[in-house]
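See below for structure.cif, which holds mmCIF, C-alpha atoms.
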data_run
loop_
_atom_site.label_atom_id
_atom_site.label_comp_id
_atom_site.auth_asym_id
_atom_site.auth_seq_id
_atom_site.Cartn_x
_atom_site.Cartn_y
_atom_site.Cartn_z
CA MET R 121 -24.52 45.10 10.53
CA ILE R 122 -27.55 43.11 9.44
CA ASN R 123 -26.80 44.18 5.91
CA ARG R 124 -23.28 42.87 6.25
CA ILE R 125 -24.38 39.49 7.58
CA LEU R 126 -26.83 39.13 4.70
CA ARG R 127 -24.16 40.03 2.19
CA TYR R 128 -21.71 37.49 3.54
CA THR R 129 -24.41 34.84 3.68
CA LEU R 130 -25.09 35.50 0.03
CA ILE R 131 -21.40 35.29 -0.84
CA PHE R 132 -21.12 32.08 1.15
CA VAL R 133 -24.07 30.41 -0.56
CA LEU R 134 -22.95 31.55 -4.00
CA LEU R 135 -19.40 30.32 -3.56
CA ILE R 136 -20.53 26.98 -2.19
CA PHE R 137 -22.87 26.58 -5.15
CA LEU R 138 -20.17 27.52 -7.62
CA GLN R 139 -17.76 25.13 -6.02
CA LEU R 140 -20.11 22.17 -5.83
CA PHE R 141 -21.80 22.49 -9.19
CA LEU R 142 -19.13 24.03 -11.35
CA PHE R 143 -15.61 23.72 -10.06
CA ASN R 144 -15.91 20.25 -8.51
CA ASN R 145 -16.65 19.00 -12.00
CA ILE R 146 -13.44 20.37 -13.47
CA GLN R 147 -11.00 17.52 -13.22
CA PHE R 148 -8.44 17.94 -15.90
CA SER R 149 -6.10 14.92 -15.83
CA GLY R 150 -6.27 14.68 -12.04
CA TYR R 151 -3.87 17.54 -11.58
CA VAL R 152 -6.31 20.44 -11.76
CA ASN R 153 -8.81 20.70 -8.94
CA PRO R 154 -9.60 24.38 -8.39
CA TYR R 155 -11.15 25.23 -5.04
CA VAL R 156 -12.61 28.72 -5.08
CA TYR R 157 -14.82 28.52 -1.97
CA ILE R 158 -11.75 29.53 0.04
CA MET R 159 -12.48 33.03 -1.26
CA PHE R 160 -15.16 33.35 1.41
CA ILE R 161 -12.55 33.16 4.16
CA MET R 162 -10.38 35.62 2.29
CA LEU R 163 -13.15 38.18 1.93
CA LEU R 164 -14.21 38.29 5.61
CA PRO R 165 -13.71 41.78 7.09
CA PHE R 166 -10.49 42.87 8.77
CA ASP R 167 -12.06 43.54 12.15
CA ILE R 168 -13.47 40.05 12.55
CA SER R 169 -12.41 38.42 15.82
CA SER R 170 -10.05 35.52 15.41
CA TRP R 171 -12.37 32.97 17.03
CA LEU R 172 -15.23 33.89 14.72
CA LEU R 173 -12.87 33.65 11.76
CA LEU R 174 -11.84 30.15 12.84
CA PHE R 175 -15.45 29.05 13.39
CA LEU R 176 -16.53 30.37 10.00
CA SER R 177 -13.56 28.62 8.40
CA PHE R 178 -14.59 25.42 10.10
CA LEU R 179 -18.18 25.87 8.92
CA THR R 180 -17.11 26.52 5.32
CA GLY R 181 -14.94 23.45 5.15
CA PHE R 182 -17.54 21.38 6.92
CA VAL R 183 -20.29 22.28 4.46
CA ILE R 184 -18.04 21.45 1.51
CA ASP R 185 -17.06 18.18 3.17
CA VAL R 186 -20.66 17.21 3.80
CA PHE R 187 -21.56 17.76 0.17
CA SER R 188 -18.51 16.15 -1.37
CA GLY R 189 -18.40 13.17 1.01
CA THR R 190 -14.94 13.77 2.40
CA PRO R 191 -15.41 14.34 6.14
CA GLY R 192 -12.68 16.40 7.76
CA MET R 193 -10.51 16.95 4.71
CA HIS R 194 -11.65 20.39 3.59
CA THR R 195 -12.40 21.33 7.19
CA SER R 196 -8.79 20.89 8.32
CA ALA R 197 -7.52 22.83 5.33
CA THR R 198 -9.91 25.77 5.80
CA VAL R 199 -9.26 25.94 9.55
CA ALA R 200 -5.54 26.11 8.78
CA ALA R 201 -6.13 28.84 6.20
CA GLY R 202 -8.32 30.80 8.65
CA PHE R 203 -5.65 30.44 11.29
CA VAL R 204 -2.87 31.91 9.18
CA ARG R 205 -4.98 34.66 7.60
CA PRO R 206 -4.21 37.36 10.24
CA TRP R 207 -0.46 36.76 9.91
CA VAL R 208 -0.61 36.81 6.13
CA LEU R 209 -2.51 40.09 6.22
CA ARG R 210 0.05 41.58 8.60
CA LEU R 211 2.95 40.38 6.46
CA ILE R 212 1.74 41.78 3.12
CA SER R 213 0.29 45.06 4.38
CA THR R 214 1.53 47.74 2.00
CA ARG R 215 0.73 51.03 3.65
CA GLY R 216 0.74 50.43 7.35
CA ASP R 217 -2.60 49.49 8.84
CA TYR R 218 -5.69 48.41 6.99
CA GLU R 219 -8.84 50.46 7.27
CA PHE R 220 -10.68 48.47 9.85
CA VAL R 221 -14.16 48.87 8.55
CA SER R 222 -13.25 47.62 5.10
CA GLU R 223 -12.76 44.14 3.75
CA PRO R 224 -9.93 42.72 1.67
CA SER R 225 -10.75 43.67 -1.88
CA LEU R 226 -9.04 44.23 -5.17
CA ARG R 227 -10.67 47.60 -5.64
CA ILE R 228 -9.24 49.16 -2.48
CA TYR R 229 -5.80 47.53 -2.21
CA GLY R 230 -4.88 46.97 -5.81
CA PHE R 231 -4.29 44.03 -8.12
CA LYS R 232 -0.77 43.15 -6.94
CA TRP R 233 -1.73 43.09 -3.30
CA PHE R 234 -4.80 40.98 -3.98
CA LEU R 235 -2.84 38.56 -6.12
CA ILE R 236 -0.18 37.96 -3.45
CA TYR R 237 -2.84 37.62 -0.76
CA THR R 238 -4.76 35.06 -2.84
CA LEU R 239 -1.63 33.15 -3.76
CA VAL R 240 -0.47 32.75 -0.17
CA ILE R 241 -3.83 31.77 1.30
CA VAL R 242 -4.75 29.46 -1.56
CA PHE R 243 -1.36 27.80 -1.51
CA ILE R 244 -1.58 27.10 2.24
CA HIS R 245 -5.10 25.79 1.87
CA HIS R 246 -4.26 23.57 -1.10
CA PHE R 247 -1.09 22.32 0.49
CA PHE R 248 -3.02 21.10 3.51
CA LEU R 249 -5.83 19.72 1.43
CA PHE R 250 -3.82 17.71 -1.08
CA TYR R 251 -1.43 16.23 1.42
CA LEU R 252 -4.32 15.22 3.66
CA GLU R 253 -5.99 13.70 0.65
CA VAL R 254 -3.09 11.43 -0.27
CA PHE R 255 -2.12 11.05 3.40
CA ARG R 256 1.37 9.76 2.71
CA LEU R 257 4.73 11.25 1.92
CA THR R 258 5.67 8.88 -0.86
CA ASP R 259 5.12 10.59 -4.21
CA PHE R 260 5.84 13.84 -2.38
CA PHE R 261 6.68 15.71 -5.57
CA THR R 262 3.72 14.43 -7.54
CA THR R 263 1.46 15.78 -4.83
CA PHE R 264 3.43 19.01 -4.76
CA LEU R 265 2.94 19.42 -8.48
CA ARG R 266 -0.79 18.93 -8.02
CA VAL R 267 -0.75 21.58 -5.27
CA LEU R 268 1.07 24.06 -7.52
CA ILE R 269 -1.08 23.54 -10.61
CA SER R 270 -4.35 23.61 -8.70
CA THR R 271 -3.20 26.72 -6.82
CA LEU R 272 -2.53 28.42 -10.14
CA PHE R 273 -6.00 27.61 -11.46
CA SER R 274 -7.75 28.52 -8.21
CA VAL R 275 -5.96 31.88 -8.09
CA VAL R 276 -6.95 32.65 -11.66
CA PHE R 277 -10.60 31.83 -10.95
CA ILE R 278 -10.64 33.75 -7.67
CA VAL R 279 -9.16 36.86 -9.28
CA LEU R 280 -11.72 36.60 -12.08
CA LEU R 281 -14.53 36.26 -9.54
CA GLU R 282 -13.17 39.28 -7.69
CA TYR R 283 -13.32 41.32 -10.93
CA ILE R 284 -16.92 40.18 -11.45
CA ARG R 285 -17.76 41.13 -7.85
CA ARG R 286 -16.26 44.57 -8.34
CA GLY R 287 -18.20 45.09 -11.52
CA LYS R 288 -21.43 44.22 -9.76
CA MET Z 230 -4.75 31.33 38.26
CA ARG Z 231 -4.40 34.77 36.77
CA ASN Z 232 -1.41 33.61 34.82
CA LEU Z 233 -3.42 30.74 33.49
CA LEU Z 234 -6.23 33.08 32.44
CA ASN Z 235 -3.71 35.41 30.81
CA PHE Z 236 -2.27 32.45 28.99
CA PHE Z 237 -5.67 31.47 27.65
CA LYS Z 238 -6.42 35.06 26.69
CA ARG Z 239 -3.17 35.41 24.86
CA TYR Z 240 -3.32 32.16 22.99
CA ASN Z 241 -7.08 31.78 22.66
CA ASN Z 242 -6.97 31.69 18.87
CA VAL Z 243 -4.21 29.07 18.92
CA ILE Z 244 -6.27 26.97 21.33
CA ILE Z 245 -9.42 27.34 19.25
CA PHE Z 246 -7.41 26.51 16.15
CA LEU Z 247 -6.01 23.38 17.75
CA ILE Z 248 -9.44 22.26 18.94
CA LEU Z 249 -11.10 22.82 15.55
CA GLU Z 250 -8.20 21.24 13.67
CA GLY Z 251 -8.35 18.30 16.05
CA ILE Z 252 -12.07 17.87 15.36
CA ALA Z 253 -11.43 18.10 11.61
CA LEU Z 254 -8.62 15.55 11.71
CA SER Z 255 -10.61 13.14 13.85
CA LEU Z 256 -13.46 13.47 11.35
CA LEU Z 257 -10.94 12.77 8.62
CA ALA Z 258 -9.58 9.71 10.36
CA SER Z 259 -12.94 8.25 11.34
CA GLY Z 260 -15.05 9.26 8.35
CA ASN Z 261 -12.81 8.18 5.49
CA SER Z 262 -12.01 4.50 5.38
CA TYR Z 263 -8.89 5.20 3.33
CA HIS Z 264 -7.41 7.60 5.87
CA ASN Z 265 -8.49 5.31 8.67
CA THR Z 266 -6.66 2.32 7.22
CA ARG Z 267 -3.61 4.40 6.42
CA LEU Z 268 -3.51 5.64 9.99
CA ILE Z 269 -3.97 2.21 11.53
CA LYS Z 270 -1.38 0.82 9.16
CA GLY Z 271 1.07 3.53 10.11
CA ILE Z 272 0.55 3.01 13.82
CA ARG Z 273 0.81 -0.74 13.41
CA GLY Z 274 3.99 -0.30 11.42
CA ILE Z 275 5.56 1.59 14.29
CA THR Z 276 4.40 -0.82 16.98
CA ALA Z 277 5.35 -3.82 14.86
CA GLY Z 278 8.87 -2.47 14.54
CA ILE Z 279 9.15 -2.04 18.30
CA GLU Z 280 7.67 -5.47 18.96
CA LYS Z 281 10.06 -7.02 16.47
CA SER Z 282 13.11 -5.58 18.14
CA PHE Z 283 11.75 -6.66 21.53
CA SER Z 284 11.20 -10.22 20.41
CA ARG Z 285 14.59 -10.30 18.74
CA THR Z 286 16.24 -9.30 22.00
CA ALA Z 287 14.18 -11.83 23.91
CA SER Z 288 15.09 -14.60 21.51
CA TYR Z 289 18.74 -13.71 21.96
CA PHE Z 290 18.37 -14.38 25.66
CA ARG Z 291 16.69 -17.70 24.93
CA LEU Z 292 19.48 -18.72 22.58
CA ARG Z 293 21.15 -20.99 25.13
CA GLU Z 294 17.97 -22.90 25.74
CA THR Z 295 17.32 -23.18 22.01
CA GLU Z 296 20.81 -24.47 21.43
CA MET Z 297 20.38 -27.13 24.09
CA ASN Z 298 17.09 -28.24 22.61
CA LEU Z 299 18.67 -28.50 19.19
CA ALA Z 300 21.55 -30.56 20.53
CA ARG Z 301 19.08 -32.92 22.24
CA GLU Z 302 17.05 -33.20 19.09
CA ASN Z 303 20.20 -33.95 17.08
CA ALA Z 304 21.05 -36.81 19.42
CA MET Z 305 17.55 -38.18 19.07
CA LEU Z 306 17.68 -37.98 15.28
CA ARG Z 307 21.03 -39.73 15.22
CA ASN Z 308 19.52 -42.56 17.24
CA LEU Z 309 16.81 -42.89 14.64
CA LEU Z 310 19.37 -42.85 11.83
CA GLU Z 311 21.42 -45.63 13.39
CA GLN Z 312 18.32 -47.71 13.84
CA ALA Z 313 17.23 -47.23 10.28
CA GLY Z 314 20.64 -48.06 8.86
CA LYS Z 315 21.03 -51.24 10.85
CA MET Z 316 17.56 -52.44 10.07
CA ARG Z 317 18.23 -52.23 6.39
CA ASP Z 318 21.48 -54.18 6.81
CA ASN Z 319 19.73 -57.01 8.61
CA SER Z 320 16.76 -57.18 6.36
CA PHE Z 321 17.08 -60.95 6.16
CA SER Z 322 17.63 -61.48 9.81
CA THR Z 323 14.79 -62.52 12.05
CA VAL Z 324 16.53 -61.35 15.20
CA THR Z 325 14.72 -58.43 16.73
CA ASP Z 326 17.01 -57.87 19.69
CA SER Z 327 17.78 -54.19 19.95
CA VAL Z 328 21.48 -54.94 20.30
CA TYR Z 329 21.57 -56.17 16.71
CA ARG Z 330 19.53 -53.36 15.39
CA GLN Z 331 21.40 -50.50 16.86
CA LYS Z 332 25.11 -50.22 17.05
CA TYR Z 333 25.61 -46.76 18.49
CA LEU Z 334 23.64 -44.88 21.07
CA TRP Z 335 23.85 -41.12 20.84
CA PHE Z 336 23.67 -38.50 23.58
CA SER Z 337 24.35 -34.83 23.81
CA ALA Z 338 26.21 -33.00 26.53
CA GLU Z 339 27.65 -29.63 27.28
CA VAL Z 340 31.34 -29.01 27.81
CA ILE Z 341 31.78 -27.28 31.14
CA ASN Z 342 35.55 -27.36 31.39
CA ASN Z 343 38.10 -27.47 28.64
CA SER Z 344 41.70 -26.61 27.92
CA VAL Z 345 43.91 -26.60 24.85
CA ASN Z 346 47.20 -25.26 26.16
CA ARG Z 347 48.53 -28.20 28.18
CA ARG Z 348 50.11 -31.34 26.84
CA LYS Z 349 47.47 -33.52 28.43
CA ASN Z 350 44.12 -31.82 27.93
CA PHE Z 351 40.82 -33.08 29.27
CA LEU Z 352 37.19 -32.05 28.78
CA THR Z 353 34.61 -32.08 31.53
CA LEU Z 354 31.02 -32.80 30.48
CA ASP Z 355 27.86 -32.01 32.43
CA LYS Z 356 26.43 -35.53 32.30
CA GLY Z 357 27.40 -38.78 33.94
CA TYR Z 358 26.18 -42.25 34.88
CA ASN Z 359 22.76 -40.85 35.68
CA ASP Z 360 22.41 -39.86 32.06
CA ASP Z 361 23.62 -43.28 30.80
CA LEU Z 362 27.08 -42.06 29.94
CA ALA Z 363 29.95 -44.52 30.41
CA PRO Z 364 33.70 -44.59 29.86
CA ASP Z 365 34.95 -45.34 26.34
CA MET Z 366 32.18 -43.38 24.67
CA ALA Z 367 33.23 -41.24 21.75
CA VAL Z 368 33.02 -37.46 22.11
CA ILE Z 369 32.07 -35.80 18.84
CA ALA Z 370 32.00 -32.08 18.14
CA ASP Z 371 31.08 -30.39 14.85
CA ASP Z 372 30.69 -33.91 13.38
CA ALA Z 373 34.32 -34.57 14.07
CA VAL Z 374 36.37 -36.44 16.63
CA ALA Z 375 36.88 -34.52 19.85
CA GLY Z 376 37.88 -37.12 22.43
CA VAL Z 377 36.86 -40.13 24.42
CA ILE Z 378 35.30 -40.45 27.86
CA VAL Z 379 37.73 -41.81 30.40
CA GLY Z 380 35.77 -41.52 33.62
CA CYS Z 381 32.29 -40.77 34.89
CA SER Z 382 30.72 -39.76 38.16
CA SER Z 383 26.98 -39.72 38.66
CA ASN Z 384 26.56 -36.28 37.12
CA TYR Z 385 29.81 -35.50 35.35
CA SER Z 386 32.17 -37.10 32.93
CA VAL Z 387 35.78 -36.46 32.08
CA ALA Z 388 36.91 -37.07 28.54
CA MET Z 389 40.42 -37.26 27.22
CA SER Z 390 40.63 -34.64 24.53
CA LEU Z 391 42.14 -35.40 21.15
CA LEU Z 392 44.61 -32.75 22.24
CA ASN Z 393 46.26 -35.10 24.70
CA THR Z 394 49.63 -36.66 23.97
CA ASP Z 395 48.30 -39.99 25.28
CA PHE Z 396 45.45 -40.06 22.79
CA ARG Z 397 45.81 -42.61 20.02
CA LEU Z 398 43.32 -43.00 17.26
CA SER Z 399 43.16 -45.30 14.28
CA ALA Z 400 42.63 -43.06 11.25
CA ARG Z 401 42.61 -43.50 7.51
CA ILE Z 402 42.75 -41.38 4.42
CA ARG Z 403 39.36 -41.45 2.80
CA SER Z 404 40.55 -41.26 -0.80
CA ASN Z 405 42.78 -44.33 -0.76
CA GLY Z 406 41.84 -46.22 2.41
CA TYR Z 407 45.33 -46.45 3.93
CA PHE Z 408 45.18 -46.26 7.67
CA GLY Z 409 47.61 -45.12 10.29
CA SER Z 410 47.78 -43.89 13.81
CA LEU Z 411 46.77 -40.38 14.74
CA SER Z 412 48.11 -38.57 17.76
CA TRP Z 413 48.79 -35.07 18.96
CA ASP Z 414 52.29 -33.70 19.10
CA GLY Z 415 51.40 -31.10 21.72
CA LYS Z 416 52.18 -28.11 19.55
CA SER Z 417 49.19 -26.48 17.86
CA TYR Z 418 45.60 -27.05 18.93
CA ARG Z 419 44.58 -26.90 15.28
CA HIS Z 420 46.80 -29.78 14.13
CA ALA Z 421 47.42 -33.45 14.89
CA VAL Z 422 49.88 -35.88 13.36
CA LEU Z 423 49.08 -38.97 11.32
CA ASN Z 424 51.82 -41.57 11.29
CA ASP Z 425 52.35 -45.01 9.75
CA ILE Z 426 51.27 -44.15 6.22
CA PRO Z 427 53.86 -45.84 3.96
CA GLN Z 428 55.74 -43.59 1.55
CA HIS Z 429 54.73 -45.44 -1.60
CA VAL Z 430 51.21 -44.17 -1.17
CA THR Z 431 50.22 -41.00 -3.01
CA VAL Z 432 48.98 -38.51 -0.47
CA VAL Z 433 47.63 -35.11 -1.42
CA ALA Z 434 47.19 -32.13 0.84
CA GLY Z 435 43.48 -31.51 1.35
CA ASP Z 436 42.51 -35.18 1.54
CA THR Z 437 40.04 -36.07 4.25
CA VAL Z 438 41.20 -38.07 7.24
CA GLU Z 439 38.50 -40.13 8.94
CA THR Z 440 38.10 -42.76 11.64
CA THR Z 441 38.38 -46.44 10.84
CA GLY Z 442 36.11 -47.87 13.49
CA TYR Z 443 38.78 -50.45 14.43
CA SER Z 444 38.92 -49.23 17.98
CA ALA Z 445 35.22 -49.93 18.49
CA ILE Z 446 34.93 -46.51 20.08
CA PHE Z 447 34.34 -44.16 17.18
CA PRO Z 448 31.82 -44.85 14.46
CA GLU Z 449 33.45 -45.60 11.16
CA GLY Z 450 33.92 -42.79 8.67
CA LEU Z 451 33.73 -39.95 11.14
CA MET Z 452 35.76 -37.01 9.94
CA ILE Z 453 38.87 -35.96 11.84
CA GLY Z 454 40.28 -33.27 9.59
CA VAL Z 455 42.08 -32.67 6.32
CA ILE Z 456 45.70 -33.21 5.39
CA ASP Z 457 47.64 -30.02 5.75
CA GLU Z 458 51.34 -30.82 5.30
CA ILE Z 459 53.14 -33.96 4.22
CA GLU Z 460 56.63 -34.56 5.47
CA ARG Z 461 58.95 -37.34 4.32
CA SER Z 462 60.82 -38.40 7.42
CA GLY Z 463 63.91 -40.61 7.42
CA SER Z 464 61.86 -43.76 7.92
CA ASP Z 465 59.56 -45.53 5.46
CA PHE Z 466 56.57 -43.59 6.62
CA TYR Z 467 55.18 -40.15 6.07
CA ARG Z 468 54.66 -37.72 8.89
CA ILE Z 469 51.38 -36.08 7.96
CA SER Z 470 50.09 -32.99 9.67
CA VAL Z 471 46.29 -33.01 9.84
CA ALA Z 472 44.26 -29.80 10.26
CA LEU Z 473 41.56 -30.77 12.74
CA LYS Z 474 37.96 -30.12 11.85
CA ALA Z 475 36.76 -29.61 15.42
CA ASP Z 476 37.69 -26.25 16.88
CA PHE Z 477 38.68 -27.13 20.40
CA LYS Z 478 38.80 -23.53 21.51
CA LYS Z 479 35.06 -23.13 21.12
CA LEU Z 480 33.74 -26.51 22.13
CA ARG Z 481 30.34 -26.13 23.71
CA PHE Z 482 27.83 -28.80 22.82
CA VAL Z 483 29.13 -32.22 21.95
CA ASN Z 484 27.55 -35.46 20.91
CA LEU Z 485 28.45 -38.75 22.52
CA ALA Z 486 28.33 -42.10 20.82
CA GLY Z 487 28.39 -45.31 22.82
CA ASN Z 488 29.07 -48.54 20.97
CA LEU Z 489 26.53 -51.11 22.12
CA GLN Z 490 28.49 -53.99 20.54
CA LYS Z 491 31.85 -52.99 21.87
CA THR Z 492 32.10 -55.70 24.56
CA GLU Z 493 31.00 -58.31 22.11
CA GLN Z 494 33.65 -57.30 19.60
CA GLN Z 495 36.39 -57.10 22.18
CA ASN Z 496 35.50 -60.40 23.83
CA LEU Z 497 35.69 -62.11 20.50
CA GLU Z 498 38.97 -60.45 19.65
CA THR Z 499 40.65 -61.40 22.94
CA GLN Z 500 39.92 -65.07 22.32
CA PHE Z 501 42.44 -65.07 19.49
CA GLN Z 502 45.18 -62.96 20.95
#
Before anything else, please render the file you have as structure tokens.
Amino acid sequence: MINRILRYTLIFVLLIFLQLFLFNNIQFSGYVNPYVYIMFIMLLPFDISSWLLLFLSFLTGFVIDVFSGTPGMHTSATVAAGFVRPWVLRLISTRGDYEFVSEPSLRIYGFKWFLIYTLVIVFIHHFFLFYLEVFRLTDFFTTFLRVLISTLFSVVFIVLLEYIRRGK
Amino acid sequence: MRNLLNFFKRYNNVIIFLILEGIALSLLASGNSYHNTRLIKGIRGITAGIEKSFSRTASYFRLRETEMNLARENAMLRNLLEQAGKMRDNSFSTVTDSVYRQKYLWFSAEVINNSVNRRKNFLTLDKGYNDDLAPDMAVIADDAVAGVIVGCSSNYSVAMSLLNTDFRLSARIRSNGYFGSLSWDGKSYRHAVLNDIPQHVTVVAGDTVETTGYSAIFPEGLMIGVIDEIERSGSDFYRISVALKADFKKLRFVNLAGNLQKTEQQNLETQFQ
């Protein structure tokens, strides 16, 4: 248990660092803003209680917000992502129930499963985030394009990170 | 109570989600000046729309009052105009008596009774002696002849409408200056008849018919209507049908003009008759 908490703390700190010092600096023509820290919420174990999941989501978003000077923006998006995670997991379960002790990972559930899981969660998170950022419905499709492109990049980076994690 | 607890147990994650999302959104709204302004702007846009429709409705109810004020203001402005005009005419005169300066005195009144379907139609106005109205004042609606006051009480006046077979008015055609007598034939409330224009005169449909000022009741050059149909009767004169400018079916606010020099003119005229 203690081991697990330490591991997740490490993942958390690493992802936050990566996000703040690497990915926040990728801004390719204003359309590409990959957000990989959402991976932390994705990787939390299956048997986590829903309230803890929501609080951790809140904490993740809050930390990112504090460091990037955008109070509330990432927080609302991560809380939304944490809220829908149980339903997403139920929807895309391939072989009945998940093994409750395990965590969502590419190694156990396969590339296709992990890709769909990442796509859905990242899309929901980015959708919330980008629309809250512009905070208006004019230019709806421009924003939507940004959501799609950034989702694509985030998914690619998250899958890559997952490969690295597996290799470790 | 148990139901309530069950409810909370069942939806605890939804409740937590809503609370956390609420905190996040309030942070968003209060922490970012951009989102804050957008939000305030949006809310103000909604309330402004509601307020606008409210005030529009309210102003509709005040329309009557506004209309009355405008009519009063018009009368006042006409008084000023008359004064200005006369002063310029007498620029070499040293007489400062107001009678010489101002020829017409203008008032406004509201029509409170009216008819167009009889042969002898009268208007009732809501002002009388108390408001300085007197018989023989001209009643003017839409800047056109509407009638003449025939009797006043302290608070009301009765005016003979132009649509009265007894009404006679000296009128002329603006384009050539020939004058005749205008009366109503009792048929259509949109038309009157101009007689006594000799047939050698060229008259065109559409010409303006205006007052002459000979009667000392109506100011000179006040529009009556436009020529509609020209009929050559058996006599030497035309029978001209004039489309009236004033719409007698919707008379509401009228202006009144009283000639201050009327008695003077008439006294002088009677000496030679």
Original post:
Which is closer to Leu489 of chain Z than all the others in Z:Gly251, Z:Gly278, Z:Pro448, Z:Gly260, using only C-alpha atoms?
Top reply: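 Comparing Z:Gly251, Z:Gly278, Z:Pro448, Z:Gly260 against Leu489 of chain Z, the winner is Z:Pro448.
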**OP:** Have a look at atom CA of Ile244 of chain R and atom CA of Leu256 of chain Z and let me know their distance in Å, one decimal.
**Re:**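 So the two atoms, atom CA of Ile244 of chain R and atom CA of Leu256 of chain Z, lie 20.2 Å apart.
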**OP:** I need the residue set behind the PyMOL selection byres ((chain Z) within 8 of (chain R)) for this file; please write it as number ranges by chain.
**Re:** Z: 241-243, 245-246, 249-250, 252-258, 260-261, 264, 267
Subject >> Using all atoms listed in the file: which of R:Tyr229, R:Ile269, R:Leu257, R:Ile168 has the shortest distance to Arg124 of chain R >> reply: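 Checking each of R:Tyr229, R:Ile269, R:Leu257, R:Ile168 against Arg124 of chain R, counting all atoms listed in the file, the winner is R:Ile168.
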**OP:** Run the PyMOL selection byres ((chain Z and resi 413) around 9) on the file and write out the hits as a PyMOL selection string.
**Re:** chain Z and resi 348+391-397+411-412+414-418+420-423
Put those residues in a file: C-alpha atoms, as a short mmCIF file (atom, residue, chain, number, x, y, z; two decimals), in the frame of the given file.
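Below you can see again.cif, which holds the result:
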data_model
loop_
_atom_site.label_atom_id
_atom_site.label_comp_id
_atom_site.auth_asym_id
_atom_site.auth_seq_id
_atom_site.Cartn_x
_atom_site.Cartn_y
_atom_site.Cartn_z
CA ARG Z 348 50.11 -31.34 26.84
CA LEU Z 391 42.14 -35.40 21.15
CA LEU Z 392 44.61 -32.75 22.24
CA ASN Z 393 46.26 -35.10 24.70
CA THR Z 394 49.63 -36.66 23.97
CA ASP Z 395 48.30 -39.99 25.28
CA PHE Z 396 45.45 -40.06 22.79
CA ARG Z 397 45.81 -42.61 20.02
CA LEU Z 411 46.77 -40.38 14.74
CA SER Z 412 48.11 -38.57 17.76
CA ASP Z 414 52.29 -33.70 19.10
CA GLY Z 415 51.40 -31.10 21.72
CA LYS Z 416 52.18 -28.11 19.55
CA SER Z 417 49.19 -26.48 17.86
CA TYR Z 418 45.60 -27.05 18.93
CA HIS Z 420 46.80 -29.78 14.13
CA ALA Z 421 47.42 -33.45 14.89
CA VAL Z 422 49.88 -35.88 13.36
CA LEU Z 423 49.08 -38.97 11.32
#
Subject >> Expected residue set, 12 Å radius at (32.9, -24.4, 18.2), all atoms listed in the file, as a ChimeraX atom specification >> reply: /Z:339-340,369-373,375,474-483
Can you write out the residues you just picked, keeping C-alpha atoms, as a PDB file, keeping the file's coordinate frame?
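Final output, saved to again.pdb:
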ATOM      1  CA  GLU Z 339      27.650 -29.630  27.280  1.00  0.00           C
ATOM      2  CA  VAL Z 340      31.340 -29.010  27.810  1.00  0.00           C
ATOM      3  CA  ILE Z 369      32.070 -35.800  18.840  1.00  0.00           C
ATOM      4  CA  ALA Z 370      32.000 -32.080  18.140  1.00  0.00           C
ATOM      5  CA  ASP Z 371      31.080 -30.390  14.850  1.00  0.00           C
ATOM      6  CA  ASP Z 372      30.690 -33.910  13.380  1.00  0.00           C
ATOM      7  CA  ALA Z 373      34.320 -34.570  14.070  1.00  0.00           C
ATOM      8  CA  ALA Z 375      36.880 -34.520  19.850  1.00  0.00           C
ATOM      9  CA  LYS Z 474      37.960 -30.120  11.850  1.00  0.00           C
ATOM     10  CA  ALA Z 475      36.760 -29.610  15.420  1.00  0.00           C
ATOM     11  CA  ASP Z 476      37.690 -26.250  16.880  1.00  0.00           C
ATOM     12  CA  PHE Z 477      38.680 -27.130  20.400  1.00  0.00           C
ATOM     13  CA  LYS Z 478      38.800 -23.530  21.510  1.00  0.00           C
ATOM     14  CA  LYS Z 479      35.060 -23.130  21.120  1.00  0.00           C
ATOM     15  CA  LEU Z 480      33.740 -26.510  22.130  1.00  0.00           C
ATOM     16  CA  ARG Z 481      30.340 -26.130  23.710  1.00  0.00           C
ATOM     17  CA  PHE Z 482      27.830 -28.800  22.820  1.00  0.00           C
ATOM     18  CA  VAL Z 483      29.130 -32.220  21.950  1.00  0.00           C
TER      19      VAL Z 483
END
**OP:** Name all residues at most 8 Å from Asn350 of chain Z (count all atoms listed in the file; drop same-chain ones fewer than 3 positions away) and give them as a list in words.
**Re:**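 Result of the neighbour search: Asn343, Ser344, Val345, Asn346, Arg347, Met389, Ser390, Leu391, Leu392 and Asn393 of chain Z.
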Could the residues in this selection be saved with C-alpha atoms as a PDB file, in the frame of the given file?
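Written out: part.pdb:
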ATOM      1  CA  ASN Z 343      38.100 -27.470  28.640  1.00  0.00           C
ATOM      2  CA  SER Z 344      41.700 -26.610  27.920  1.00  0.00           C
ATOM      3  CA  VAL Z 345      43.910 -26.600  24.850  1.00  0.00           C
ATOM      4  CA  ASN Z 346      47.200 -25.260  26.160  1.00  0.00           C
ATOM      5  CA  ARG Z 347      48.530 -28.200  28.180  1.00  0.00           C
ATOM      6  CA  MET Z 389      40.420 -37.260  27.220  1.00  0.00           C
ATOM      7  CA  SER Z 390      40.630 -34.640  24.530  1.00  0.00           C
ATOM      8  CA  LEU Z 391      42.140 -35.400  21.150  1.00  0.00           C
ATOM      9  CA  LEU Z 392      44.610 -32.750  22.240  1.00  0.00           C
ATOM     10  CA  ASN Z 393      46.260 -35.100  24.700  1.00  0.00           C
TER      11      ASN Z 393
END
Original post:
Which is closer to Thr129 of chain R than all the others in R:Arg205, R:Val275, R:Ile161, R:Leu235, using all atoms listed in the file?
Top reply: R:Ile161
